[in-house]
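Chemist: So I've got this file, input-v3.csv, and it contains CSV, C-alpha atoms:
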```csv
chain,number,residue,atom,x,y,z
N,714,MET,CA,2.1,-31.8,11.7
N,715,ALA,CA,2.4,-28.5,13.4
N,716,ASN,CA,1.2,-25.7,11.1
N,717,LYS,CA,4.5,-24.0,10.6
N,718,GLU,CA,4.7,-20.7,8.8
N,719,TRP,CA,5.6,-20.9,5.1
N,720,PRO,CA,9.1,-19.6,4.5
N,721,LEU,CA,9.8,-16.2,2.9
N,722,TRP,CA,11.0,-16.0,-0.7
N,723,GLU,CA,12.5,-13.2,-2.7
N,724,VAL,CA,11.2,-12.7,-6.2
N,725,PHE,CA,13.2,-11.6,-9.3
N,726,ILE,CA,11.5,-10.9,-12.6
N,727,ARG,CA,13.0,-10.6,-16.1
N,728,SER,CA,10.8,-8.0,-17.7
N,729,LYS,CA,11.8,-9.0,-21.3
N,730,GLN,CA,14.2,-11.1,-23.2
N,731,GLY,CA,17.7,-9.4,-23.1
N,732,LEU,CA,17.3,-7.8,-19.7
N,733,SER,CA,18.5,-9.3,-16.4
N,734,HIS,CA,16.2,-10.4,-13.6
N,735,LYS,CA,15.4,-7.7,-11.1
N,736,HIS,CA,14.2,-7.9,-7.5
N,737,VAL,CA,10.6,-7.0,-7.3
N,738,GLY,CA,9.5,-8.1,-3.8
N,739,SER,CA,8.9,-11.1,-1.6
N,740,LEU,CA,6.2,-13.5,-0.7
N,741,ARG,CA,5.5,-16.6,1.4
N,742,ALA,CA,5.1,-20.0,0.0
N,743,ALA,CA,5.5,-23.7,1.1
N,744,ASP,CA,8.1,-24.5,-1.5
N,745,ALA,CA,9.8,-23.2,-4.6
N,746,ASP,CA,7.1,-24.4,-7.0
N,747,MET,CA,4.4,-22.6,-5.1
N,748,ALA,CA,6.6,-19.5,-4.8
N,749,ILE,CA,6.8,-19.3,-8.6
N,750,GLU,CA,3.1,-19.9,-9.0
N,751,ASN,CA,2.3,-17.2,-6.4
N,752,ALA,CA,4.9,-14.8,-7.9
N,753,ARG,CA,3.2,-15.2,-11.3
N,754,ASP,CA,-0.2,-14.3,-9.7
N,755,VAL,CA,1.2,-11.4,-7.7
N,756,TYR,CA,3.9,-9.8,-9.8
N,757,THR,CA,3.1,-10.5,-13.4
N,758,ARG,CA,-0.6,-9.8,-13.8
N,759,ARG,CA,0.0,-6.9,-16.2
N,760,SER,CA,2.6,-8.5,-18.5
N,761,GLU,CA,5.5,-7.3,-16.2
N,762,GLY,CA,7.6,-10.4,-16.9
N,763,VAL,CA,8.7,-13.3,-19.1
N,764,SER,CA,10.7,-15.2,-16.5
N,765,ILE,CA,10.7,-15.6,-12.7
N,766,TRP,CA,13.4,-16.5,-10.2
N,767,VAL,CA,12.7,-17.2,-6.6
N,768,ALA,CA,15.2,-17.7,-3.8
N,769,GLU,CA,14.4,-18.4,-0.2
N,770,SER,CA,15.3,-15.3,1.8
N,771,ASN,CA,17.3,-17.3,4.3
N,772,ASN,CA,19.7,-18.2,1.5
N,773,LEU,CA,20.5,-14.6,0.6
N,774,PHE,CA,23.6,-13.0,2.1
N,775,ALA,CA,24.0,-9.2,2.1
N,776,SER,CA,26.9,-6.8,2.8
N,777,ASN,CA,26.7,-4.8,6.0
N,778,PRO,CA,25.6,-1.2,5.4
N,779,ASN,CA,28.1,-0.2,8.1
N,780,ASP,CA,30.9,-1.4,5.9
N,781,ALA,CA,29.9,0.9,3.0
N,782,ASP,CA,32.8,3.3,3.6
N,783,SER,CA,35.5,0.8,3.7
N,784,LEU,CA,34.0,-1.2,0.8
N,785,TYR,CA,33.1,1.6,-1.7
N,786,GLU,CA,35.1,4.7,-0.8
N,787,PRO,CA,38.5,3.5,-2.2
N,788,SER,CA,37.0,3.5,-5.7
N,789,ASP,CA,36.2,7.3,-5.4
N,790,SER,CA,39.9,8.2,-5.5
N,791,LYS,CA,40.7,6.1,-8.6
N,792,VAL,CA,39.5,8.5,-11.2
N,793,TYR,CA,42.0,7.0,-13.7
N,794,ARG,CA,39.6,4.1,-14.1
N,795,HIS,CA,37.3,6.3,-16.1
N,796,PRO,CA,38.0,7.4,-19.7
N,797,THR,CA,37.3,11.0,-18.9
N,798,PHE,CA,40.5,11.1,-16.8
N,799,TYR,CA,42.6,11.1,-20.0
N,800,GLU,CA,43.4,13.9,-22.3
N,801,VAL,CA,42.9,13.2,-26.0
N,802,PRO,CA,44.6,15.7,-28.4
N,803,ASP,CA,42.4,17.6,-30.8
N,804,GLY,CA,41.9,15.9,-34.1
N,805,ILE,CA,41.7,12.4,-32.7
N,806,GLU,CA,38.4,10.8,-33.3
N,807,HIS,CA,36.8,7.5,-32.5
N,808,MET,CA,38.8,6.8,-29.3
E,1193,MET,CA,25.3,1.8,23.0
E,1194,THR,CA,25.9,5.1,24.9
E,1195,GLU,CA,23.5,8.0,24.7
E,1196,LEU,CA,26.2,10.1,22.9
E,1197,ASN,CA,26.5,7.4,20.2
E,1198,ILE,CA,22.8,7.2,19.7
E,1199,SER,CA,22.5,11.0,19.3
E,1200,ILE,CA,25.3,10.9,16.7
E,1201,LEU,CA,23.5,8.1,14.8
E,1202,GLU,CA,20.2,10.0,15.0
E,1203,GLN,CA,21.8,13.1,13.7
E,1204,LYS,CA,23.3,11.2,10.7
E,1205,PHE,CA,20.0,9.5,10.1
E,1206,GLN,CA,18.2,12.8,10.0
E,1207,GLU,CA,20.9,14.2,7.6
E,1208,LYS,CA,20.2,11.3,5.2
E,1209,ILE,CA,16.5,12.0,5.4
E,1210,ASP,CA,17.0,15.7,4.8
E,1211,ASN,CA,19.2,14.9,1.8
E,1212,ASP,CA,16.4,12.6,0.4
E,1213,ILE,CA,18.6,9.5,0.8
E,1214,LYS,CA,16.3,6.5,1.2
E,1215,ILE,CA,16.5,4.3,4.3
E,1216,GLU,CA,16.9,0.6,3.5
E,1217,PRO,CA,16.1,-2.3,5.8
E,1218,ARG,CA,19.6,-3.0,7.2
E,1219,ASP,CA,20.5,0.6,7.8
E,1220,TRP,CA,20.5,2.0,11.3
E,1221,MET,CA,17.2,3.7,12.2
E,1222,PRO,CA,15.7,5.1,15.4
E,1223,ASP,CA,13.4,2.7,17.2
E,1224,ASN,CA,10.5,5.1,16.9
E,1225,TYR,CA,11.0,5.4,13.1
E,1226,ARG,CA,10.8,1.6,12.9
E,1227,GLN,CA,7.8,1.4,15.1
E,1228,THR,CA,6.0,4.2,13.4
E,1229,LEU,CA,6.5,2.5,10.0
E,1230,ILE,CA,5.4,-0.9,11.2
E,1231,ARG,CA,2.2,0.6,12.7
E,1232,GLN,CA,1.5,2.7,9.5
E,1233,ILE,CA,2.4,0.0,7.0
E,1234,SER,CA,0.5,-2.8,8.8
E,1235,GLN,CA,-2.6,-0.6,9.1
E,1236,HIS,CA,-2.3,0.1,5.4
E,1237,ALA,CA,-1.9,-3.7,4.7
E,1238,HIS,CA,-4.9,-4.5,6.9
E,1239,SER,CA,-7.0,-1.8,5.0
E,1240,GLU,CA,-6.2,-3.5,1.7
E,1241,VAL,CA,-7.2,-6.9,3.0
E,1242,VAL,CA,-10.3,-5.8,4.9
E,1243,GLY,CA,-11.1,-3.6,1.9
E,1244,MET,CA,-11.8,-6.7,-0.2
E,1245,LEU,CA,-14.8,-7.6,1.9
E,1246,PRO,CA,-17.3,-4.8,1.0
E,1247,GLU,CA,-16.6,-5.3,-2.7
E,1248,GLY,CA,-16.5,-9.1,-2.5
E,1249,ASN,CA,-20.1,-8.8,-1.4
E,1250,TRP,CA,-21.0,-7.7,-5.0
E,1251,ILE,CA,-18.8,-10.0,-7.2
E,1252,THR,CA,-21.6,-12.6,-7.6
E,1253,ARG,CA,-24.2,-9.9,-8.1
E,1254,ALA,CA,-22.4,-7.6,-10.7
E,1255,PRO,CA,-24.9,-6.5,-13.3
E,1256,ASN,CA,-22.9,-8.1,-16.2
E,1257,LEU,CA,-19.9,-10.1,-17.1
E,1258,ARG,CA,-17.7,-7.0,-17.9
E,1259,ARG,CA,-18.4,-5.4,-14.5
E,1260,LYS,CA,-17.8,-8.7,-12.8
E,1261,ALA,CA,-14.4,-9.3,-14.5
E,1262,VAL,CA,-13.4,-5.7,-13.6
E,1263,LEU,CA,-14.5,-6.1,-9.9
E,1264,LEU,CA,-12.7,-9.4,-9.6
E,1265,ALA,CA,-9.5,-7.9,-11.0
E,1266,LYS,CA,-9.8,-5.0,-8.6
E,1267,VAL,CA,-10.3,-7.2,-5.6
E,1268,GLN,CA,-7.4,-9.4,-6.7
E,1269,ASP,CA,-5.2,-6.3,-6.9
E,1270,GLU,CA,-6.1,-5.4,-3.3
E,1271,ALA,CA,-5.0,-8.8,-2.1
E,1272,GLY,CA,-1.7,-8.2,-3.9
E,1273,HIS,CA,-1.4,-4.7,-2.3
E,1274,GLY,CA,-1.9,-6.3,1.1
E,1275,LEU,CA,0.9,-8.8,0.3
E,1276,TYR,CA,3.4,-6.1,-0.8
E,1277,LEU,CA,2.7,-4.1,2.4
E,1278,TYR,CA,2.9,-7.1,4.8
E,1279,SER,CA,6.2,-7.9,3.1
E,1280,ALA,CA,7.4,-4.3,3.7
E,1281,THR,CA,6.6,-4.7,7.5
E,1282,GLU,CA,8.7,-7.9,7.5
E,1283,THR,CA,11.7,-6.0,6.2
E,1284,LEU,CA,11.4,-4.0,9.5
E,1285,GLY,CA,11.5,-7.1,11.6
E,1286,ALA,CA,7.7,-7.5,12.2
E,1287,ASP,CA,6.5,-11.0,12.5
E,1288,ARG,CA,3.9,-11.8,9.7
E,1289,GLU,CA,1.7,-14.1,11.8
E,1290,GLN,CA,1.7,-11.7,14.7
E,1291,THR,CA,0.8,-8.8,12.5
E,1292,ILE,CA,-2.2,-10.6,11.2
E,1293,ASP,CA,-3.2,-11.8,14.7
E,1294,ASP,CA,-3.1,-8.2,15.9
E,1295,LEU,CA,-5.7,-7.3,13.3
E,1296,HIS,CA,-7.9,-10.2,14.4
E,1297,SER,CA,-7.6,-9.4,18.1
E,1298,GLY,CA,-8.5,-5.8,17.5
E,1299,VAL,CA,-5.1,-4.4,18.6
E,1300,ALA,CA,-4.3,-3.1,15.1
E,1301,LYS,CA,-6.5,-0.7,13.2
E,1302,TYR,CA,-7.5,-0.4,9.5
E,1303,SER,CA,-9.2,2.3,7.5
E,1304,SER,CA,-12.6,2.9,9.1
E,1305,ILE,CA,-14.3,3.4,5.7
E,1306,PHE,CA,-14.5,-0.4,5.4
E,1307,ASN,CA,-16.8,-0.7,8.4
E,1308,TYR,CA,-19.7,0.7,6.3
E,1309,PRO,CA,-22.0,-1.7,4.5
E,1310,THR,CA,-22.3,-1.9,0.7
E,1311,VAL,CA,-26.1,-2.1,0.2
E,1312,SER,CA,-26.4,-1.4,-3.5
E,1313,TRP,CA,-24.5,-1.9,-6.7
E,1314,ALA,CA,-23.9,1.9,-6.8
E,1315,ASP,CA,-21.8,1.5,-3.7
E,1316,MET,CA,-19.2,-0.3,-6.0
E,1317,GLY,CA,-19.1,2.9,-8.0
E,1318,ALA,CA,-18.9,5.2,-5.0
E,1319,ILE,CA,-16.1,3.1,-3.4
E,1320,GLY,CA,-14.0,3.1,-6.6
E,1321,TRP,CA,-14.6,6.8,-7.2
E,1322,LEU,CA,-14.4,8.2,-3.7
E,1323,VAL,CA,-12.6,5.6,-1.5
E,1324,ASP,CA,-10.0,4.7,-4.1
E,1325,GLY,CA,-9.8,8.3,-5.1
E,1326,ALA,CA,-9.0,9.3,-1.5
E,1327,ALA,CA,-6.6,6.4,-1.1
E,1328,ILE,CA,-4.7,7.5,-4.3
E,1329,MET,CA,-4.4,11.1,-2.8
E,1330,ASN,CA,-2.8,9.5,0.2
E,1331,GLN,CA,-0.6,7.0,-1.7
E,1332,VAL,CA,0.9,9.1,-4.4
E,1333,PRO,CA,3.0,11.1,-2.0
E,1334,LEU,CA,3.9,7.9,-0.2
E,1335,CYS,CA,5.8,6.8,-3.3
E,1336,ARG,CA,8.4,9.3,-2.1
E,1337,CYS,CA,8.4,8.1,1.5
E,1338,SER,CA,11.9,7.9,3.1
E,1339,TYR,CA,11.7,4.1,3.7
E,1340,GLY,CA,12.8,2.3,0.5
E,1341,PRO,CA,10.6,-0.8,0.6
E,1342,TYR,CA,7.5,1.1,1.5
E,1343,ALA,CA,8.1,3.6,-1.3
E,1344,ARG,CA,8.7,0.8,-3.8
E,1345,ALA,CA,5.6,-1.0,-2.7
E,1346,MET,CA,3.6,2.2,-3.2
E,1347,VAL,CA,4.9,2.7,-6.7
E,1348,ARG,CA,3.5,-0.7,-7.6
E,1349,VAL,CA,0.2,0.0,-5.8
E,1350,CYS,CA,-0.3,3.4,-7.4
E,1351,LYS,CA,0.4,1.9,-10.9
E,1352,GLU,CA,-2.2,-0.8,-10.4
E,1353,GLU,CA,-4.7,1.4,-8.6
E,1354,SER,CA,-5.0,3.9,-11.3
E,1355,PHE,CA,-7.8,1.9,-13.0
E,1356,HIS,CA,-9.7,1.4,-9.7
E,1357,GLN,CA,-10.9,4.9,-9.5
E,1358,ARG,CA,-11.8,5.1,-13.2
E,1359,GLN,CA,-13.9,2.0,-13.1
E,1360,GLY,CA,-15.8,3.4,-10.1
E,1361,PHE,CA,-16.4,6.7,-11.8
E,1362,GLU,CA,-17.6,4.8,-14.9
E,1363,ILE,CA,-20.1,2.9,-12.8
E,1364,MET,CA,-21.4,6.2,-11.3
E,1365,THR,CA,-21.5,7.9,-14.7
E,1366,THR,CA,-23.5,5.1,-16.2
E,1367,LEU,CA,-26.0,5.1,-13.3
E,1368,ALA,CA,-26.3,8.9,-13.3
E,1369,LYS,CA,-27.1,8.8,-17.0
E,1370,GLY,CA,-29.6,5.9,-16.6
E,1371,SER,CA,-33.2,5.8,-15.4
E,1372,PRO,CA,-34.4,8.1,-12.6
E,1373,GLU,CA,-34.2,5.1,-10.2
E,1374,GLN,CA,-30.6,4.4,-11.3
E,1375,LYS,CA,-29.6,8.0,-10.8
E,1376,GLU,CA,-31.2,8.0,-7.4
E,1377,MET,CA,-29.2,4.9,-6.5
E,1378,ALA,CA,-26.0,6.7,-7.5
E,1379,GLN,CA,-26.9,9.8,-5.5
E,1380,ASP,CA,-27.8,7.6,-2.5
E,1381,ALA,CA,-24.4,5.9,-2.6
E,1382,LEU,CA,-22.7,9.3,-2.9
E,1383,ASN,CA,-24.7,10.5,0.1
E,1384,ARG,CA,-23.6,7.6,2.3
E,1385,PHE,CA,-19.9,7.5,1.2
E,1386,TRP,CA,-19.0,11.2,0.9
E,1387,TRP,CA,-18.4,12.0,4.6
E,1388,PRO,CA,-16.7,8.7,5.5
E,1389,SER,CA,-14.4,9.3,2.5
E,1390,LEU,CA,-13.4,12.7,3.9
E,1391,MET,CA,-12.8,11.0,7.3
E,1392,MET,CA,-10.3,8.6,5.6
E,1393,PHE,CA,-7.6,11.3,5.7
E,1394,GLY,CA,-7.7,11.2,9.5
E,1395,PRO,CA,-8.2,13.8,12.2
E,1396,ASN,CA,-7.6,17.5,11.6
E,1397,ASP,CA,-4.0,18.5,11.8
E,1398,ALA,CA,-4.3,20.0,15.2
E,1399,GLU,CA,-5.6,16.6,16.5
E,1400,SER,CA,-3.2,14.4,14.6
E,1401,LYS,CA,-0.5,13.3,17.1
E,1402,HIS,CA,1.8,11.6,14.6
E,1403,THR,CA,1.9,14.1,11.8
E,1404,GLU,CA,4.7,16.4,12.9
E,1405,GLN,CA,7.3,13.6,13.5
E,1406,SER,CA,6.2,11.7,10.4
E,1407,MET,CA,6.7,14.8,8.2
E,1408,LYS,CA,10.2,15.4,9.7
E,1409,TRP,CA,11.1,11.8,8.9
E,1410,LYS,CA,9.5,12.2,5.4
E,1411,ILE,CA,7.2,9.3,6.0
E,1412,LYS,CA,4.4,11.7,5.3
E,1413,ARG,CA,4.7,14.5,2.8
E,1414,HIS,CA,1.4,16.3,3.3
E,1415,THR,CA,-0.8,16.9,6.4
E,1416,ASN,CA,-4.2,15.2,6.7
E,1417,ASP,CA,-6.0,18.5,6.1
E,1418,GLU,CA,-3.9,19.3,3.0
E,1419,LEU,CA,-4.7,16.0,1.4
E,1420,ARG,CA,-8.4,16.3,2.3
E,1421,GLN,CA,-8.6,19.7,0.6
E,1422,MET,CA,-6.9,18.3,-2.5
E,1423,PHE,CA,-9.4,15.5,-2.6
E,1424,VAL,CA,-12.4,17.8,-2.2
E,1425,ASP,CA,-11.1,20.2,-4.9
E,1426,ALA,CA,-10.5,17.3,-7.3
E,1427,THR,CA,-13.8,15.5,-6.6
E,1428,VAL,CA,-16.5,18.3,-6.5
E,1429,PRO,CA,-16.2,19.1,-10.3
E,1430,GLN,CA,-16.4,15.4,-11.1
E,1431,ALA,CA,-19.7,15.1,-9.2
E,1432,GLU,CA,-21.0,18.2,-11.0
E,1433,LEU,CA,-20.0,16.8,-14.4
E,1434,ILE,CA,-22.2,13.7,-14.0
E,1435,GLY,CA,-25.1,15.6,-12.4
E,1436,LEU,CA,-24.8,14.4,-8.8
E,1437,THR,CA,-24.9,16.6,-5.7
E,1438,ILE,CA,-22.3,16.5,-2.9
E,1439,PRO,CA,-24.3,16.1,0.3
E,1440,ASP,CA,-22.9,19.2,2.0
E,1441,LYS,CA,-25.0,22.4,2.2
E,1442,ASP,CA,-22.0,24.4,3.3
E,1443,LEU,CA,-19.9,23.5,0.3
E,1444,LYS,CA,-18.9,26.5,-1.7
E,1445,TRP,CA,-16.1,27.7,-4.0
E,1446,ASN,CA,-13.9,30.3,-2.6
E,1447,GLU,CA,-12.7,32.5,-5.4
E,1448,GLU,CA,-9.9,34.0,-3.3
E,1449,THR,CA,-8.2,30.9,-2.1
E,1450,GLY,CA,-9.0,28.9,-5.2
E,1451,HIS,CA,-10.3,26.0,-3.0
E,1452,TYR,CA,-13.7,24.7,-2.0
E,1453,GLU,CA,-14.9,25.3,1.5
E,1454,PHE,CA,-16.7,22.4,3.1
E,1455,GLY,CA,-18.9,21.7,6.1
E,1456,ALA,CA,-17.8,20.3,9.5
E,1457,ILE,CA,-17.0,16.6,9.7
E,1458,ASP,CA,-18.8,14.6,12.3
E,1459,TRP,CA,-15.7,13.5,14.3
E,1460,ALA,CA,-17.8,11.8,16.9
E,1461,GLU,CA,-19.0,9.3,14.3
E,1462,PHE,CA,-15.4,8.8,13.1
E,1463,TRP,CA,-14.1,8.0,16.6
E,1464,GLU,CA,-17.0,5.7,17.2
E,1465,VAL,CA,-16.2,3.7,14.1
E,1466,VAL,CA,-12.5,3.7,14.9
E,1467,LYS,CA,-13.3,2.4,18.4
E,1468,GLY,CA,-15.2,-0.6,16.9
E,1469,ASN,CA,-18.7,0.6,16.9
E,1470,GLY,CA,-19.3,1.1,13.2
E,1471,PRO,CA,-22.0,-0.8,11.4
E,1472,CYS,CA,-19.8,-3.6,10.2
E,1473,ASN,CA,-16.7,-3.7,12.5
E,1474,LYS,CA,-17.6,-6.9,14.1
E,1475,ASP,CA,-18.6,-8.6,10.9
E,1476,ARG,CA,-15.4,-7.6,9.1
E,1477,ILE,CA,-13.1,-9.0,11.8
E,1478,ASP,CA,-15.2,-12.1,12.3
E,1479,THR,CA,-14.9,-12.8,8.6
E,1480,ARG,CA,-11.1,-12.3,8.6
E,1481,ARG,CA,-10.8,-14.6,11.7
E,1482,ARG,CA,-13.0,-17.2,10.1
E,1483,ALA,CA,-11.0,-17.1,6.9
E,1484,LYS,CA,-7.8,-17.8,8.8
E,1485,GLU,CA,-9.3,-20.6,10.8
E,1486,LYS,CA,-11.0,-22.3,7.9
E,1487,GLY,CA,-7.9,-21.9,5.8
E,1488,ALA,CA,-5.6,-23.6,8.4
E,1489,TRP,CA,-6.0,-27.0,6.7
E,1490,VAL,CA,-5.0,-25.6,3.4
E,1491,ARG,CA,-1.8,-24.2,4.7
E,1492,GLU,CA,-1.1,-27.4,6.5
E,1493,ALA,CA,-1.8,-29.4,3.3
E,1494,ALA,CA,0.5,-27.2,1.4
E,1495,ASN,CA,3.3,-27.8,3.9
E,1496,ALA,CA,2.7,-31.6,3.7
E,1497,TYR,CA,2.7,-31.5,-0.1
E,1498,ALA,CA,5.9,-29.5,-0.2
E,1499,GLU,CA,7.5,-32.0,2.2
E,1500,LYS,CA,6.3,-34.9,-0.1
E,1501,ARG,CA,7.8,-33.2,-3.1
E,1502,ARG,CA,11.1,-32.6,-1.3
E,1503,LYS,CA,11.3,-36.3,-0.4
E,1504,ARG,CA,10.5,-37.4,-3.9
E,1505,LYS,CA,13.2,-35.2,-5.4
E,1506,ALA,CA,15.7,-36.4,-2.8
E,1507,SER,CA,15.2,-40.1,-3.5
```
Could you render the structure from this file as structure tokens?
Modeler:
Amino acid sequence: MANKEWPLWEVFIRSKQGLSHKHVGSLRAADADMAIENARDVYTRRSEGVSIWVAESNNLFASNPNDADSLYEPSDSKVYRHPTFYEVPDGIEHM
Amino acid sequence: MTELNISILEQKFQEKIDNDIKIEPRDWMPDNYRQTLIRQISQHAHSEVVGMLPEGNWITRAPNLRRKAVLLAKVQDEAGHGLYLYSATETLGADREQTIDDLHSGVAKYSSIFNYPTVSWADMGAIGWLVDGAAIMNQVPLCRCSYGPYARAMVRVCKEESFHQRQGFEIMTTLAKGSPEQKEMAQDALNRFWWPSLMMFGPNDAESKHTEQSMKWKIKRHTNDELRQMFVDATVPQAELIGLTIPDKDLKWNEETGHYEFGAIDWAEFWEVVKGNGPCNKDRIDTRRRAKEKGAWVREAANAYAEKRRKRKAS
């Protein structure tokens, strides 16, 4: 068998129970099991995590940075989506 | 793309940099920015990986179990640092295999300090204290580098590296307080590693061809000479505290500037080592090449095993 390069994996770590997994970096491994073993060795040597996700980089799809204006700008003008937009009369509490 | 378009893109790119907005992998960037980063980050990665060799030499000969465990942990960290950095070059489109082959063929460089031999246990102290100390001086500002993945990798590296320098200084302190022979060993290691450590910051600013552009792009935040001065100012008092002497007869404190003045660096030696004529250049590269060749069957076996597991799961 030709010695093909191991695929690239993205690593996500949950730092403690109650928090979501967060991207920490990437590594190469022959398969998912090995990716998790390697991620444990590389990214959790100082108690950084309690759970690991790995996903093959090929399977991740990303938005295009060139589309940032059309994707995110419309929300800038919709200030009424934030509570600070509204006037609350004096004397009203807990709202 | 027309020249006008590129110049607009370049202008927008520089505006982002000037406003301290990080550049991420899929953002537009000038080719030179990409190439400069690939060169710098891969050199950095190679330095981490080759940097394991001088210390690996002493793992089996550490004086006690505590020192051995610490040295193992440090060398393992360096493997991890190499990995973070190779991954960062991949986000720029560099090919992992090619990057490593460039090291093995001599096309790519790594820090020249690792071409010096480690002949005594005290060298583990000198390397941790001086070499990691110099590396930290370089790396802390890189945590604010304009390229996101490099900056993030450096944050991890710096966090992990903070114990490296301390463990080295602890070794030096212990030896300096020991028997006259042990103190002599520490002094000898300092004598051999002092000047190569100062060379780690690279050529003087006037000779450094990449500095100006790299500062404009905020890849670098300080010049080579600034970082070297910071290192000398920080390190000299540490040597004094443990009763060791910096091997520089021109070294003196300048009351006016608030900095130490130090003697001339032997740049001829630096360039000789960079060119491949240092005491261990050939040995280091041969060792890396051999590791890749001898590990080929392991990588192949891992592929075969992964394939087997895939088939088993499918059936």
Chemist: What lies within 8 Å of stretch 1395-1397 of chain E using only C-alpha atoms, ignoring chain neighbours under 2 positions off, as a PyMOL selection string?
Modeler: chain E and resi 1391+1393+1399-1400+1403+1415-1417+1459
Chemist: For chain N, which residues have at least one atom within 10 Å of chain E, if we go by only C-alpha atoms? Write them as number ranges by chain, please.
Modeler: N: 714-719, 721, 737-747, 754-756, 758-759, 775-779
Chemist: Could you tell me how far atom CA of E:Ala1381 lies from atom CA of E:Pro1471, in Å and to one decimal?
Modeler: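 It comes out at 15.7 Å.
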Chemist: How many Å separate atom CA of E:Glu1461 from atom CA of E:Asp1475?
Modeler: 18.2 Å
Chemist: Give me, as a ChimeraX atom specification, all polymer residues having an atom no more than 10 Å from stretch 1429-1432 of chain E, counting only C-alpha atoms and skipping those fewer than 6 positions away in the same chain.
Modeler: /E:1321,1361,1364-1365,1368,1379,1382,1438
Chemist: Generate the output file for the selected residues, C-alpha atoms, as a tab-separated table (two decimals), keeping the file's coordinate frame.
Modeler:
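selection32.tsv written:
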```tsv
chain	number	residue	atom	x	y	z
E	1321	TRP	CA	-14.60	6.80	-7.20
E	1361	PHE	CA	-16.40	6.70	-11.80
E	1364	MET	CA	-21.40	6.20	-11.30
E	1365	THR	CA	-21.50	7.90	-14.70
E	1368	ALA	CA	-26.30	8.90	-13.30
E	1379	GLN	CA	-26.90	9.80	-5.50
E	1382	LEU	CA	-22.70	9.30	-2.90
E	1438	ILE	CA	-22.30	16.50	-2.90
```
Chemist: Expressed in Å to a single decimal, how great is the separation between atom CA of E:Trp1250 and atom CA of E:Asn1330?
Modeler: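 Atom-to-atom, atom CA of E:Trp1250 and atom CA of E:Asn1330 are spaced 25.6 Å apart.
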Chemist: Got a sec: who's within 12 Å of stretch 1463-1466 of chain E, counting all atoms listed in the file, leaving out chain neighbours fewer than 2 positions off, as a PyMOL selection string?
Modeler: chain E and resi 1298-1308+1388+1391-1392+1394-1395+1457-1461+1468-1474
Chemist: Just the selected residues (C-alpha atoms), exported as a PDB file, in the coordinates of the input, please.
Modeler:
```pdb
ATOM      1  CA  GLY E1298      -8.500  -5.800  17.500  1.00  0.00           C
ATOM      2  CA  VAL E1299      -5.100  -4.400  18.600  1.00  0.00           C
ATOM      3  CA  ALA E1300      -4.300  -3.100  15.100  1.00  0.00           C
ATOM      4  CA  LYS E1301      -6.500  -0.700  13.200  1.00  0.00           C
ATOM      5  CA  TYR E1302      -7.500  -0.400   9.500  1.00  0.00           C
ATOM      6  CA  SER E1303      -9.200   2.300   7.500  1.00  0.00           C
ATOM      7  CA  SER E1304     -12.600   2.900   9.100  1.00  0.00           C
ATOM      8  CA  ILE E1305     -14.300   3.400   5.700  1.00  0.00           C
ATOM      9  CA  PHE E1306     -14.500  -0.400   5.400  1.00  0.00           C
ATOM     10  CA  ASN E1307     -16.800  -0.700   8.400  1.00  0.00           C
ATOM     11  CA  TYR E1308     -19.700   0.700   6.300  1.00  0.00           C
ATOM     12  CA  PRO E1388     -16.700   8.700   5.500  1.00  0.00           C
ATOM     13  CA  MET E1391     -12.800  11.000   7.300  1.00  0.00           C
ATOM     14  CA  MET E1392     -10.300   8.600   5.600  1.00  0.00           C
ATOM     15  CA  GLY E1394      -7.700  11.200   9.500  1.00  0.00           C
ATOM     16  CA  PRO E1395      -8.200  13.800  12.200  1.00  0.00           C
ATOM     17  CA  ILE E1457     -17.000  16.600   9.700  1.00  0.00           C
ATOM     18  CA  ASP E1458     -18.800  14.600  12.300  1.00  0.00           C
ATOM     19  CA  TRP E1459     -15.700  13.500  14.300  1.00  0.00           C
ATOM     20  CA  ALA E1460     -17.800  11.800  16.900  1.00  0.00           C
ATOM     21  CA  GLU E1461     -19.000   9.300  14.300  1.00  0.00           C
ATOM     22  CA  GLY E1468     -15.200  -0.600  16.900  1.00  0.00           C
ATOM     23  CA  ASN E1469     -18.700   0.600  16.900  1.00  0.00           C
ATOM     24  CA  GLY E1470     -19.300   1.100  13.200  1.00  0.00           C
ATOM     25  CA  PRO E1471     -22.000  -0.800  11.400  1.00  0.00           C
ATOM     26  CA  CYS E1472     -19.800  -3.600  10.200  1.00  0.00           C
ATOM     27  CA  ASN E1473     -16.700  -3.700  12.500  1.00  0.00           C
ATOM     28  CA  LYS E1474     -17.600  -6.900  14.100  1.00  0.00           C
TER      29      LYS E1474
END
```
Chemist: Of the residues N:Ser728, N:Ser788, N:Lys735, N:Asp782, which is the one nearest to N:Ser760, using only C-alpha atoms?
Modeler: N:Ser728
Chemist: So, with all atoms listed in the file as the atoms that count, which of E:Glu1202, E:Ser1507, E:Lys1401, E:Gln1359 lies closest to E:Arg1258?
Modeler: E:Gln1359
Chemist: Could you pull the residues within 7 Å of stretch 1230-1232 of chain E, counting all atoms listed in the file, minus those fewer than 4 positions along the same chain, as a list in words?
Modeler: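 So the residues in contact are Arg1226, His1236, Thr1281 and Leu1284 of chain E.
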